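What follows is a set of notes on a single structure, which appears directly below.
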Amino acid sequence: MRQFDVFVWDGSQELRDENRQPPFTDAALGWFFTDNFNDKLNESDAEWIVFANRSVKVDREFLNSLAENISAFPMVDAFAPRLRYFETEGDKNSAKFAGGLKLHKTKGIEPIGDDAPLRYVASPRPEIAVFSRRIVQRTGAFDTGLPIPAQILDYALRMLHAGGRCFSVPYLVAELQGLPMDFTSENKEILPHIAYALSKSLGIKTARFVAAHPSVIATLWEKRKDLQEKRDKAILLSKLAPETLRELY
């Protein structure tokens with residue numbers, strides 16, 4: 001069994017051959033270039049799976065740091081790495097950081113602060129997420145009816161019901177080329193998908209979020225049957241305790 005498998009995606013459904021070359025190879029590492037995670041999950045046999053957008057640099061340094069954190073926190077089922085990126089300010093490039101996502105009663109989700117300590121989060125950032133094989137086996141397949149960033153949020157929330165928890169470690173950092181995705185309620189394009197994922201796993205607890213963003217009501221109503229069926233599966237035999245949920249805000 002390999003230590004890590006890395007699933008590289010770009011959301012275009014057209015990963016070209018020249019983009020399928022891994023940056024390095026290792027006997028303990030597998031690479032999968034795909035925009036359909038479910039198609040390749042059966043081929044993966046690693047203990048941990050990294051889902052990374054093509055803009056994220058997954059190198060030996062990052063994987064070594066990940067291995068150290070896995071060893072340090074054996075009770076953790078998933079990790080939310082921080083992203084380091086650069087913004088131009090005047091004539092200088094300044095390093096910035098983007099962390100995992102926490103729940104918010106009216107915004108739905110929002111990034112944790114740059115100075116956030118070790119903590120559990122509701123979801124990794126969509127650009128990079130790390131799940132253990134044990135929790136993948138309990139959580140099941142990804143919901144491919146959603147765009148990939150929302151698939152990762154949805155998966156992390158469903159993982160909570162499967163008994164998993166996602167940990168943010170400030171010093172587990174991956175390099176991002178470009179700027180982070182706007183994966184918040186301010187992004188009107190992604191907002192209905194955030195609402196769908198939150199409603200599936202949290203149900204009535206999203207009422208204040210929906211009330212604050214009435215534009216999502218039409219989507220939730222239109223997909224209500226599908227949403228209810230998937231919600232029933234997501235929360236079947238749920239292991240999500242109320243006190244665990246409170247920690248994610």
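Scheme for the structure tokens: letters A, B, ... for chains in order shown; per-chain residue numbers from 1; ligand numbers from 1 in order shown.
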
DSSP on the backbone: which residues in range 4-238 of chain A end up as strand (DSSP E or B)? Give the answer as an mmCIF file with N, CA, C and O atoms, in the first residue's frame.
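And here's states-v9.cif as it stands now:
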data_model
loop_
_atom_site.group_PDB
_atom_site.id
_atom_site.type_symbol
_atom_site.label_atom_id
_atom_site.label_comp_id
_atom_site.auth_asym_id
_atom_site.auth_seq_id
_atom_site.Cartn_x
_atom_site.Cartn_y
_atom_site.Cartn_z
ATOM 1 N N PHE A 4 0.797 7.850 -0.046
ATOM 2 C CA PHE A 4 -0.057 8.920 -0.573
ATOM 3 C C PHE A 4 -0.442 8.640 -2.020
ATOM 4 O O PHE A 4 0.364 8.117 -2.794
ATOM 5 N N ASP A 5 -1.660 9.013 -2.369
ATOM 6 C CA ASP A 5 -2.074 9.175 -3.758
ATOM 7 C C ASP A 5 -2.495 10.625 -3.920
ATOM 8 O O ASP A 5 -3.153 11.197 -3.044
ATOM 9 N N VAL A 6 -2.114 11.225 -5.039
ATOM 10 C CA VAL A 6 -2.462 12.620 -5.313
ATOM 11 C C VAL A 6 -3.385 12.666 -6.515
ATOM 12 O O VAL A 6 -3.033 12.197 -7.601
ATOM 13 N N PHE A 7 -4.590 13.201 -6.308
ATOM 14 C CA PHE A 7 -5.552 13.407 -7.393
ATOM 15 C C PHE A 7 -5.430 14.865 -7.837
ATOM 16 O O PHE A 7 -5.719 15.777 -7.061
ATOM 17 N N VAL A 8 -5.000 15.060 -9.069
ATOM 18 C CA VAL A 8 -4.822 16.406 -9.613
ATOM 19 C C VAL A 8 -5.994 16.728 -10.526
ATOM 20 O O VAL A 8 -6.306 15.965 -11.438
ATOM 21 N N TRP A 9 -6.642 17.868 -10.293
ATOM 22 C CA TRP A 9 -7.802 18.256 -11.105
ATOM 23 C C TRP A 9 -7.673 19.716 -11.525
ATOM 24 O O TRP A 9 -6.924 20.486 -10.929
ATOM 25 N N LEU A 29 4.210 6.755 -3.698
ATOM 26 C CA LEU A 29 3.326 7.834 -4.152
ATOM 27 C C LEU A 29 2.682 7.481 -5.483
ATOM 28 O O LEU A 29 3.346 6.987 -6.392
ATOM 29 N N GLY A 30 1.374 7.721 -5.588
ATOM 30 C CA GLY A 30 0.659 7.527 -6.844
ATOM 31 C C GLY A 30 0.060 8.836 -7.322
ATOM 32 O O GLY A 30 -0.334 9.679 -6.506
ATOM 33 N N TRP A 31 -0.016 9.019 -8.647
ATOM 34 C CA TRP A 31 -0.576 10.242 -9.236
ATOM 35 C C TRP A 31 -1.768 9.888 -10.116
ATOM 36 O O TRP A 31 -1.699 8.949 -10.912
ATOM 37 N N PHE A 32 -2.848 10.650 -9.969
ATOM 38 C CA PHE A 32 -4.037 10.476 -10.803
ATOM 39 C C PHE A 32 -4.452 11.856 -11.309
ATOM 40 O O PHE A 32 -4.651 12.777 -10.518
ATOM 41 N N PHE A 33 -4.576 12.000 -12.619
ATOM 42 C CA PHE A 33 -4.971 13.272 -13.229
ATOM 43 C C PHE A 33 -6.392 13.109 -13.736
ATOM 44 O O PHE A 33 -6.639 12.450 -14.750
ATOM 45 N N TRP A 48 -3.464 7.669 2.493
ATOM 46 C CA TRP A 48 -3.991 9.032 2.481
ATOM 47 C C TRP A 48 -4.111 9.515 1.045
ATOM 48 O O TRP A 48 -3.267 9.191 0.205
ATOM 49 N N ILE A 49 -5.165 10.296 0.769
ATOM 50 C CA ILE A 49 -5.404 10.802 -0.572
ATOM 51 C C ILE A 49 -5.423 12.328 -0.533
ATOM 52 O O ILE A 49 -6.145 12.932 0.269
ATOM 53 N N VAL A 50 -4.623 12.929 -1.406
ATOM 54 C CA VAL A 50 -4.558 14.391 -1.538
ATOM 55 C C VAL A 50 -5.319 14.781 -2.802
ATOM 56 O O VAL A 50 -5.032 14.272 -3.886
ATOM 57 N N PHE A 51 -6.281 15.678 -2.666
ATOM 58 C CA PHE A 51 -7.028 16.200 -3.812
ATOM 59 C C PHE A 51 -6.568 17.635 -4.032
ATOM 60 O O PHE A 51 -6.813 18.511 -3.199
ATOM 61 N N ALA A 52 -5.874 17.881 -5.148
ATOM 62 C CA ALA A 52 -5.255 19.182 -5.356
ATOM 63 C C ALA A 52 -5.577 19.742 -6.724
ATOM 64 O O ALA A 52 -5.469 19.041 -7.734
ATOM 65 N N ASN A 53 -5.942 21.009 -6.754
ATOM 66 C CA ASN A 53 -6.073 21.701 -8.022
ATOM 67 C C ASN A 53 -4.700 21.817 -8.671
ATOM 68 O O ASN A 53 -3.676 21.863 -7.985
ATOM 69 N N VAL A 56 -1.888 24.151 -7.423
ATOM 70 C CA VAL A 56 -1.217 23.942 -6.137
ATOM 71 C C VAL A 56 0.036 23.095 -6.339
ATOM 72 O O VAL A 56 0.001 22.078 -7.037
ATOM 73 N N LYS A 57 1.109 23.489 -5.725
ATOM 74 C CA LYS A 57 2.378 22.771 -5.837
ATOM 75 C C LYS A 57 2.433 21.664 -4.791
ATOM 76 O O LYS A 57 2.596 21.926 -3.606
ATOM 77 N N ALA A 78 -8.787 13.908 8.403
ATOM 78 C CA ALA A 78 -8.589 14.763 7.231
ATOM 79 C C ALA A 78 -7.841 16.010 7.669
ATOM 80 O O ALA A 78 -7.902 16.421 8.833
ATOM 81 N N PHE A 79 -7.118 16.606 6.718
ATOM 82 C CA PHE A 79 -6.375 17.826 6.996
ATOM 83 C C PHE A 79 -6.782 18.924 6.024
ATOM 84 O O PHE A 79 -7.113 18.652 4.864
ATOM 85 N N ARG A 82 -3.004 25.007 4.733
ATOM 86 C CA ARG A 82 -3.075 26.420 4.361
ATOM 87 C C ARG A 82 -2.407 26.603 3.007
ATOM 88 O O ARG A 82 -1.482 25.882 2.645
ATOM 89 N N LEU A 83 -2.882 27.600 2.260
ATOM 90 C CA LEU A 83 -2.266 27.958 0.986
ATOM 91 C C LEU A 83 -1.448 29.226 1.158
ATOM 92 O O LEU A 83 -1.904 30.193 1.781
ATOM 93 N N ARG A 84 -0.241 29.211 0.608
ATOM 94 C CA ARG A 84 0.562 30.441 0.553
ATOM 95 C C ARG A 84 0.577 30.935 -0.884
ATOM 96 O O ARG A 84 0.865 30.181 -1.818
ATOM 97 N N TYR A 85 0.235 32.218 -1.057
ATOM 98 C CA TYR A 85 0.221 32.813 -2.384
ATOM 99 C C TYR A 85 0.770 34.231 -2.277
ATOM 100 O O TYR A 85 1.086 34.711 -1.184
ATOM 101 N N PHE A 86 0.916 34.897 -3.416
ATOM 102 C CA PHE A 86 1.520 36.217 -3.413
ATOM 103 C C PHE A 86 0.593 37.225 -4.081
ATOM 104 O O PHE A 86 -0.002 36.948 -5.121
ATOM 105 N N GLU A 87 0.483 38.385 -3.449
ATOM 106 C CA GLU A 87 -0.281 39.500 -4.006
ATOM 107 C C GLU A 87 0.664 40.673 -4.226
ATOM 108 O O GLU A 87 1.561 40.928 -3.415
ATOM 109 N N THR A 88 0.448 41.388 -5.316
ATOM 110 C CA THR A 88 1.267 42.559 -5.612
ATOM 111 C C THR A 88 0.734 43.766 -4.855
ATOM 112 O O THR A 88 -0.440 44.115 -4.962
ATOM 113 N N GLU A 89 1.593 44.367 -4.068
ATOM 114 C CA GLU A 89 1.243 45.576 -3.315
ATOM 115 C C GLU A 89 2.275 46.638 -3.645
ATOM 116 O O GLU A 89 3.410 46.577 -3.183
ATOM 117 N N LYS A 92 5.946 45.549 -4.734
ATOM 118 C CA LYS A 92 6.407 44.368 -4.018
ATOM 119 C C LYS A 92 5.359 43.254 -4.076
ATOM 120 O O LYS A 92 4.156 43.509 -4.180
ATOM 121 N N ASN A 93 5.843 42.007 -4.014
ATOM 122 C CA ASN A 93 4.967 40.853 -3.886
ATOM 123 C C ASN A 93 4.956 40.420 -2.428
ATOM 124 O O ASN A 93 6.014 40.107 -1.857
ATOM 125 N N SER A 94 3.775 40.439 -1.834
ATOM 126 C CA SER A 94 3.645 40.077 -0.423
ATOM 127 C C SER A 94 3.024 38.700 -0.282
ATOM 128 O O SER A 94 2.043 38.385 -0.964
ATOM 129 N N ALA A 95 3.598 37.887 0.603
ATOM 130 C CA ALA A 95 3.067 36.550 0.853
ATOM 131 C C ALA A 95 1.784 36.643 1.678
ATOM 132 O O ALA A 95 1.722 37.383 2.663
ATOM 133 N N LYS A 96 0.775 35.917 1.252
ATOM 134 C CA LYS A 96 -0.496 35.849 1.956
ATOM 135 C C LYS A 96 -0.834 34.383 2.213
ATOM 136 O O LYS A 96 -0.279 33.482 1.584
ATOM 137 N N PHE A 97 -1.779 34.157 3.125
ATOM 138 C CA PHE A 97 -2.181 32.789 3.444
ATOM 139 C C PHE A 97 -3.698 32.666 3.422
ATOM 140 O O PHE A 97 -4.416 33.612 3.763
ATOM 141 N N ALA A 98 -4.167 31.507 2.996
ATOM 142 C CA ALA A 98 -5.609 31.205 3.000
ATOM 143 C C ALA A 98 -5.798 29.855 3.669
ATOM 144 O O ALA A 98 -5.181 28.865 3.262
ATOM 145 N N LEU A 101 -11.977 26.180 6.020
ATOM 146 C CA LEU A 101 -13.277 26.837 6.103
ATOM 147 C C LEU A 101 -14.011 26.452 7.379
ATOM 148 O O LEU A 101 -14.079 25.277 7.742
ATOM 149 N N LYS A 102 -14.564 27.454 8.039
ATOM 150 C CA LYS A 102 -15.415 27.211 9.197
ATOM 151 C C LYS A 102 -16.856 27.547 8.848
ATOM 152 O O LYS A 102 -17.128 28.223 7.842
ATOM 153 N N LEU A 103 -17.780 27.100 9.664
ATOM 154 C CA LEU A 103 -19.191 27.400 9.449
ATOM 155 C C LEU A 103 -19.517 28.793 9.972
ATOM 156 O O LEU A 103 -18.859 29.303 10.879
ATOM 157 N N HIS A 104 -20.526 29.409 9.362
ATOM 158 C CA HIS A 104 -21.003 30.720 9.803
ATOM 159 C C HIS A 104 -22.522 30.716 9.653
ATOM 160 O O HIS A 104 -23.047 30.257 8.642
ATOM 161 N N GLY A 108 -22.808 31.047 5.861
ATOM 162 C CA GLY A 108 -22.697 29.646 5.474
ATOM 163 C C GLY A 108 -21.335 29.103 5.818
ATOM 164 O O GLY A 108 -21.179 28.269 6.705
ATOM 165 N N ILE A 109 -20.313 29.572 5.105
ATOM 166 C CA ILE A 109 -18.934 29.220 5.399
ATOM 167 C C ILE A 109 -18.065 30.457 5.236
ATOM 168 O O ILE A 109 -18.421 31.390 4.517
ATOM 169 N N GLU A 110 -16.924 30.449 5.901
ATOM 170 C CA GLU A 110 -15.934 31.501 5.711
ATOM 171 C C GLU A 110 -14.567 30.965 6.100
ATOM 172 O O GLU A 110 -14.458 30.035 6.913
ATOM 173 N N PRO A 111 -13.499 31.513 5.521
ATOM 174 C CA PRO A 111 -12.156 31.045 5.865
ATOM 175 C C PRO A 111 -11.817 31.369 7.315
ATOM 176 O O PRO A 111 -12.252 32.389 7.856
ATOM 177 N N ARG A 119 -6.904 23.887 15.004
ATOM 178 C CA ARG A 119 -8.332 23.779 15.269
ATOM 179 C C ARG A 119 -8.980 22.849 14.244
ATOM 180 O O ARG A 119 -8.440 22.606 13.157
ATOM 181 N N TYR A 120 -10.154 22.329 14.612
ATOM 182 C CA TYR A 120 -10.958 21.579 13.651
ATOM 183 C C TYR A 120 -11.716 22.573 12.774
ATOM 184 O O TYR A 120 -12.122 23.647 13.229
ATOM 185 N N VAL A 121 -11.905 22.218 11.511
ATOM 186 C CA VAL A 121 -12.644 23.055 10.574
ATOM 187 C C VAL A 121 -13.747 22.230 9.922
ATOM 188 O O VAL A 121 -13.739 20.997 9.972
ATOM 189 N N SER A 123 -14.370 22.237 6.656
ATOM 190 C CA SER A 123 -13.930 21.743 5.350
ATOM 191 C C SER A 123 -12.549 22.303 5.010
ATOM 192 O O SER A 123 -12.208 23.417 5.423
ATOM 193 N N ILE A 128 -7.085 22.396 -2.113
ATOM 194 C CA ILE A 128 -6.331 21.237 -1.635
ATOM 195 C C ILE A 128 -6.984 20.658 -0.384
ATOM 196 O O ILE A 128 -7.307 21.388 0.562
ATOM 197 N N ALA A 129 -7.193 19.352 -0.419
ATOM 198 C CA ALA A 129 -7.829 18.647 0.691
ATOM 199 C C ALA A 129 -7.131 17.306 0.865
ATOM 200 O O ALA A 129 -6.659 16.707 -0.103
ATOM 201 N N VAL A 130 -7.069 16.848 2.099
ATOM 202 C CA VAL A 130 -6.404 15.575 2.395
ATOM 203 C C VAL A 130 -7.347 14.721 3.238
ATOM 204 O O VAL A 130 -7.769 15.144 4.319
ATOM 205 N N PHE A 131 -7.668 13.532 2.745
ATOM 206 C CA PHE A 131 -8.549 12.607 3.456
ATOM 207 C C PHE A 131 -7.852 11.266 3.648
ATOM 208 O O PHE A 131 -7.137 10.788 2.758
ATOM 209 N N SER A 132 -8.079 10.638 4.785
ATOM 210 C CA SER A 132 -7.529 9.304 5.018
ATOM 211 C C SER A 132 -8.371 8.265 4.284
ATOM 212 O O SER A 132 -9.571 8.464 4.051
ATOM 213 N N CYS A 166 -11.885 17.119 10.441
ATOM 214 C CA CYS A 166 -10.857 17.747 9.603
ATOM 215 C C CYS A 166 -10.071 18.757 10.442
ATOM 216 O O CYS A 166 -10.668 19.611 11.106
ATOM 217 N N PHE A 167 -8.753 18.654 10.399
ATOM 218 C CA PHE A 167 -7.892 19.445 11.272
ATOM 219 C C PHE A 167 -7.096 20.463 10.457
ATOM 220 O O PHE A 167 -6.582 20.145 9.375
ATOM 221 N N SER A 168 -6.991 21.657 10.993
ATOM 222 C CA SER A 168 -6.158 22.702 10.390
ATOM 223 C C SER A 168 -4.901 22.877 11.231
ATOM 224 O O SER A 168 -4.985 23.135 12.434
ATOM 225 N N VAL A 173 1.564 23.799 4.988
ATOM 226 C CA VAL A 173 1.349 24.840 3.979
ATOM 227 C C VAL A 173 1.715 24.315 2.593
ATOM 228 O O VAL A 173 2.721 23.631 2.413
ATOM 229 N N ALA A 174 0.883 24.636 1.612
ATOM 230 C CA ALA A 174 1.151 24.319 0.204
ATOM 231 C C ALA A 174 1.210 25.617 -0.590
ATOM 232 O O ALA A 174 0.502 26.585 -0.283
ATOM 233 N N GLU A 175 2.043 25.634 -1.603
ATOM 234 C CA GLU A 175 2.194 26.820 -2.446
ATOM 235 C C GLU A 175 1.109 26.849 -3.524
ATOM 236 O O GLU A 175 0.825 25.831 -4.154
ATOM 237 N N LEU A 176 0.533 28.024 -3.732
ATOM 238 C CA LEU A 176 -0.490 28.224 -4.756
ATOM 239 C C LEU A 176 0.029 29.172 -5.822
ATOM 240 O O LEU A 176 0.544 30.255 -5.506
#

Counting only C-alpha atoms, which residues of range 72-154 of chain A fall within 10 Å of range 211-235 of chain A, and what is the closest atom pair for each with its distance in Å at one decimal, ordered by chain and rising number, as a Markdown table?
| residue | atom | partner | partner_atom | distance |
| --- | --- | --- | --- | --- |
| A:Lys105 | CA | A:Ala212 | CA | 9.3 |
| A:Thr106 | CA | A:Ala212 | CA | 6.0 |
| A:Lys107 | CA | A:Ala212 | CA | 7.7 |
| A:Gly108 | CA | A:Ala212 | CA | 9.4 |
| A:Thr139 | CA | A:Ala234 | CA | 8.3 |
| A:Gly140 | CA | A:Ala234 | CA | 9.6 |
| A:Asp143 | CA | A:Lys230 | CA | 9.3 |
| A:Asp154 | CA | A:Ala234 | CA | 9.8 |

For Met1 in chain A, find every residue with an atom within 10 Å (counting only C-alpha atoms), except residues of its own chain fewer than 3 positions away, and show them as a PDB file with N, CA and C atoms, in the first residue's frame.
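Resulting contents of selection-v2.pdb:
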ATOM      1  N   PHE A   4       0.797   7.850  -0.046  1.00  0.00           N
ATOM      2  CA  PHE A   4      -0.057   8.920  -0.573  1.00  0.00           C
ATOM      3  C   PHE A   4      -0.442   8.640  -2.020  1.00  0.00           C
ATOM      4  N   ALA A  27       8.100   5.454  -5.119  1.00  0.00           N
ATOM      5  CA  ALA A  27       7.398   4.179  -4.960  1.00  0.00           C
ATOM      6  C   ALA A  27       6.251   4.270  -3.965  1.00  0.00           C
ATOM      7  N   ALA A  28       6.317   5.224  -3.036  1.00  0.00           N
ATOM      8  CA  ALA A  28       5.273   5.373  -2.018  1.00  0.00           C
ATOM      9  C   ALA A  28       4.208   6.377  -2.421  1.00  0.00           C
ATOM     10  N   LEU A  29       4.210   6.755  -3.698  1.00  0.00           N
ATOM     11  CA  LEU A  29       3.326   7.834  -4.152  1.00  0.00           C
ATOM     12  C   LEU A  29       2.682   7.481  -5.483  1.00  0.00           C
ATOM     13  N   SER A  44      -7.060   3.683  -6.388  1.00  0.00           N
ATOM     14  CA  SER A  44      -6.205   4.217  -5.333  1.00  0.00           C
ATOM     15  C   SER A  44      -6.137   3.230  -4.169  1.00  0.00           C
ATOM     16  N   ASP A  45      -4.915   3.003  -3.669  1.00  0.00           N
ATOM     17  CA  ASP A  45      -4.792   2.124  -2.509  1.00  0.00           C
ATOM     18  C   ASP A  45      -3.907   2.732  -1.426  1.00  0.00           C
ATOM     19  N   ALA A  46      -3.720   4.045  -1.485  1.00  0.00           N
ATOM     20  CA  ALA A  46      -2.866   4.714  -0.515  1.00  0.00           C
ATOM     21  C   ALA A  46      -3.577   4.906   0.819  1.00  0.00           C
ATOM     22  N   GLU A  47      -2.794   5.086   1.861  1.00  0.00           N
ATOM     23  CA  GLU A  47      -3.362   5.331   3.180  1.00  0.00           C
ATOM     24  C   GLU A  47      -4.008   6.715   3.268  1.00  0.00           C
TER      25      GLU A  47
END

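With distances restricted to only C-alpha atoms, A:Ala122 is the closest residue to Leu245 in chain A from A:Ala122, A:Leu153, A:Met75, A:Ala162.
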
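Closest approach to Leu237 in chain A from the set A:His161, A:Tyr249, A:Glu127, A:Phe209 is made by A:His161, with distances taken over only C-alpha atoms.
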
> CA of Thr244 in chain A and CA of Leu66 in chain A are how many Å apart?
Replying inline: 23.9 Å

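The shortest atom-to-atom distance to Ala241 in chain A, with only C-alpha atoms taken into account, belongs to A:Arg165 out of A:Ala207, A:Arg165, A:Leu179, A:Pro170.
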
> Could you pull out the helix (DSSP H, G or I) residues of range 102-176 of chain A from DSSP and send them as number ranges by chain?
Replying inline: A: 133-139, 148-161

Serialized selection, C-alpha atoms, as a short mmCIF file (atom, residue, chain, number, x, y, z; two decimals), in the first residue's frame:
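As written to disk, out_13.cif reads:
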data_model
loop_
_atom_site.label_atom_id
_atom_site.label_comp_id
_atom_site.auth_asym_id
_atom_site.auth_seq_id
_atom_site.Cartn_x
_atom_site.Cartn_y
_atom_site.Cartn_z
CA ARG A 133 -8.48 6.09 3.27
CA ARG A 134 -10.35 4.93 6.36
CA ILE A 135 -12.70 7.93 6.24
CA VAL A 136 -13.11 7.72 2.45
CA GLN A 137 -14.27 4.13 2.85
CA ARG A 138 -16.86 5.26 5.41
CA THR A 139 -18.00 8.39 3.54
CA ILE A 148 -15.47 20.12 -7.87
CA PRO A 149 -14.96 22.91 -5.27
CA ALA A 150 -18.46 22.25 -3.91
CA GLN A 151 -17.87 18.48 -4.11
CA ILE A 152 -15.02 18.87 -1.62
CA LEU A 153 -17.14 20.96 0.77
CA ASP A 154 -19.98 18.46 0.46
CA TYR A 155 -17.61 15.55 1.09
CA ALA A 156 -16.09 17.16 4.18
CA LEU A 157 -19.54 17.82 5.64
CA ARG A 158 -20.71 14.26 4.92
CA MET A 159 -17.50 13.01 6.51
CA LEU A 160 -18.65 14.57 9.77
CA HIS A 161 -21.68 12.28 9.79
#
